[in-house]
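The next block holds one structure in the form of structure tokens; read it before the comments.
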Number of protein chains: 2
Amino acid sequence: MIALRRFAPADWPAVWSILQPTFAAGDTYAYPPETTEAQARTLWTEAPLATYVAEVDGRIAGTYYLKPNQPGLGAHVCNCGYVVAPDARGRGIAAAMCEHSQREALALGFRAMQFNLVVATNAGAVRLWQRMGFRIVGTLPGAFRHRRLGDVDAHVMYKVLAP
Amino acid sequence: MIALRRFAPADWPAVWSILQPTFAAGDTYAYPPETTEAQARTLWTEAPLATYVAEVDGRIAGTYYLKPNQPGLGAHVCNCGYVVAPDARGRGIAAAMCEHSQREALALGFRAMQFNLVVATNAGAVRLWQRMGFRIVGTLPGAFRHRRLGDVDAHVMYKVLAP
């Protein structure tokens with residue numbers, strides 16, 4: 001049973017325990033692998049419009065943020081970032097968060113969702129977003145400096161949200 | 001004769017006189033048409049890594065900024081925004097700024113340049129960037145809320161910078 005809800009300050013230690021290994025791995029997010037806890041807290045829970053957590057059996061197993069992808073005349077398109085705890089993968093948590101984020105985005109007035117830098121070697125994520133209706137709009141050659149693989153391509157993915 | 005140099009604080013009134021009508025028109029940049037002078041100064045001259053002006057006969061006729069397009073593992077790709085004074089268009093100032101920005105980007109260590117939201121109806125800009133070696137990587141449907149035309153498409157454009 002996956003329960004989605006808004007992030008609360010008391011959730012931070014659990015959220016950081018998910019973000020830290022993800023950023024440190026340097027294979028999915030552009031945030032520097034050496035991102036500090038304070039920087040992570042700002043970028044994940046303060047800079048975005050909203051932050052959410054996914055609980056499985058009462059334990060936080062995933063988190064995502066939602067924010068406008070551009071200012072002003074581009075602010076009807078949102079952007080989300082999702083992270084699942086390494087030991088909770090393969091249980092549909094990313095899919096549940098993505099579904100939830102699309103409903104939230106519509107409720108908040110957004111009309112489309114864009115992912116700016118989906119690392120091409122992260123094949124599971126690419127397939128999952130495609131299955132959820134996102135299209136690869138284009139591919140940026142060498143735009144992601146993968147910590148193990150060097151420069152790899154990244155996709156821009158996009159979905160018009162239908163109410 | 002177009003001379004390119006770094007922005008200095010004393011240039012601000014001239015730069016704002018170029019940015020203000022551009023943002024207010026709402027047909028090329030996502031910044032809200034009602035962006036204030038203080039907000040514009042921050043986003044154009046403080047948030048970016050560097051800001052430049054183009055002088056024609058000693059008068060500032062254009063300006064651009066340069067910054068990393070993503071943090072950390074995406075920070076080898078830069079992003080630029082260029083604006084030419086409405087009464088100085090058609091004199092090659094945008095092209096001169098774009099050429100200059102590519103040299104500057106290489107000197108600053110960047111490996112590629114990305115434009116995230118090139119408004120499709122801004123055909124002159126699209127053609128100019130293509131002529132300068134940028135490729136339309138993908139097109140975002142309805143991603144720009146054009147002040148007169150409503151939602152229009154926007155292109156992601158990209159160029160690998162060769163030293």
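The chains in the structure tokens are called A, B, ... from first to last as shown; in each chain the residues are counted from 1, and the ligands are counted from 1 in the order shown.
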
Could you give me, as JSON lines, every chain A residue with an atom at most 6 Å from chain B, plus its closest atom pair and distance in Å to one decimal, counting only C-alpha atoms, rows ordered by chain then number?
```
{"residue": "A:Ala30", "atom": "CA", "partner": "B:Leu73", "partner_atom": "CA", "distance": 4.5}
{"residue": "A:Tyr31", "atom": "CA", "partner": "B:Gly72", "partner_atom": "CA", "distance": 5.1}
{"residue": "A:Pro32", "atom": "CA", "partner": "B:Gly72", "partner_atom": "CA", "distance": 4.3}
{"residue": "A:Pro71", "atom": "CA", "partner": "B:Tyr31", "partner_atom": "CA", "distance": 5.6}
{"residue": "A:Gly72", "atom": "CA", "partner": "B:Pro32", "partner_atom": "CA", "distance": 4.3}
{"residue": "A:Leu73", "atom": "CA", "partner": "B:Ala30", "partner_atom": "CA", "distance": 4.5}
{"residue": "A:Gly74", "atom": "CA", "partner": "B:Phe144", "partner_atom": "CA", "distance": 5.1}
{"residue": "A:Val137", "atom": "CA", "partner": "B:Gly138", "partner_atom": "CA", "distance": 4.9}
{"residue": "A:Gly138", "atom": "CA", "partner": "B:Gly138", "partner_atom": "CA", "distance": 4.3}
{"residue": "A:Ala143", "atom": "CA", "partner": "B:Gly74", "partner_atom": "CA", "distance": 6.0}
{"residue": "A:Phe144", "atom": "CA", "partner": "B:Gly74", "partner_atom": "CA", "distance": 5.1}
{"residue": "A:Arg145", "atom": "CA", "partner": "B:Leu73", "partner_atom": "CA", "distance": 4.8}
```

Which of segment 30-63 of chain B DSSP labels strand (DSSP E or B), written as a ChimeraX atom specification: /B:50-56,59-63

Since we have the selection now, will you write its residues out, keeping N, CA, C and O atoms, as a compact mmCIF listing (two decimals), in the first residue's frame?
```txt
# COMPACT_ATOMS: atom_id res chain seq x y z
N ALA B 50 27.82 35.26 -16.21
CA ALA B 50 28.38 36.47 -16.80
C ALA B 50 27.33 37.15 -17.66
O ALA B 50 26.43 36.50 -18.21
N THR B 51 27.46 38.48 -17.78
CA THR B 51 26.55 39.26 -18.61
C THR B 51 27.40 40.18 -19.49
O THR B 51 28.46 40.66 -19.06
N TYR B 52 26.96 40.39 -20.71
CA TYR B 52 27.73 41.16 -21.69
C TYR B 52 26.83 42.21 -22.33
O TYR B 52 25.60 42.11 -22.31
N VAL B 53 27.47 43.22 -22.91
CA VAL B 53 26.74 44.19 -23.71
C VAL B 53 27.41 44.31 -25.08
O VAL B 53 28.62 44.08 -25.22
N ALA B 54 26.59 44.66 -26.06
CA ALA B 54 27.08 44.92 -27.42
C ALA B 54 26.92 46.41 -27.68
O ALA B 54 25.81 46.95 -27.56
N GLU B 55 28.02 47.06 -27.98
CA GLU B 55 27.98 48.49 -28.28
C GLU B 55 28.10 48.72 -29.78
O GLU B 55 28.94 48.10 -30.44
N VAL B 56 27.28 49.62 -30.28
CA VAL B 56 27.38 50.04 -31.69
C VAL B 56 27.58 51.55 -31.66
O VAL B 56 26.73 52.28 -31.14
N ARG B 59 27.14 53.10 -28.29
CA ARG B 59 25.84 53.01 -27.62
C ARG B 59 25.47 51.53 -27.41
O ARG B 59 25.67 50.71 -28.31
N ILE B 60 24.93 51.22 -26.24
CA ILE B 60 24.56 49.82 -25.96
C ILE B 60 23.30 49.46 -26.75
O ILE B 60 22.25 50.06 -26.58
N ALA B 61 23.46 48.47 -27.63
CA ALA B 61 22.37 48.10 -28.53
C ALA B 61 21.93 46.65 -28.33
O ALA B 61 20.98 46.19 -28.97
N GLY B 62 22.62 45.94 -27.45
CA GLY B 62 22.25 44.55 -27.21
C GLY B 62 22.90 44.06 -25.93
O GLY B 62 23.84 44.68 -25.41
N THR B 63 22.39 42.96 -25.43
CA THR B 63 22.94 42.39 -24.19
C THR B 63 22.66 40.89 -24.17
O THR B 63 21.69 40.43 -24.77
```

Just list the residues in chain A DSSP gives helix (DSSP H, G or I) on the backbone, as a VMD selection string. chain A and resid 9 to 25 37 to 46 72 to 74 86 to 88 93 to 107 123 to 131

Among listed residues A:Ser101, A:Leu106, A:Gly92, A:Val152, nearest Asn122 of chain A (using only C-alpha atoms):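 Nearest to Asn122 of chain A: A:Val152.
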
Separation of atom CA of Ala3 of chain A from atom CA of Trp129 of chain A in Å: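 According to the coordinates, atom CA of Trp129 of chain A and atom CA of Ala3 of chain A are separated by 20.2 Å.
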
Of the candidates A:Ala125, A:Leu149, A:Val118, A:Ala40, which shows the shortest atom-to-atom distance to Val84 of chain A, using only C-alpha atoms? A:Ala125
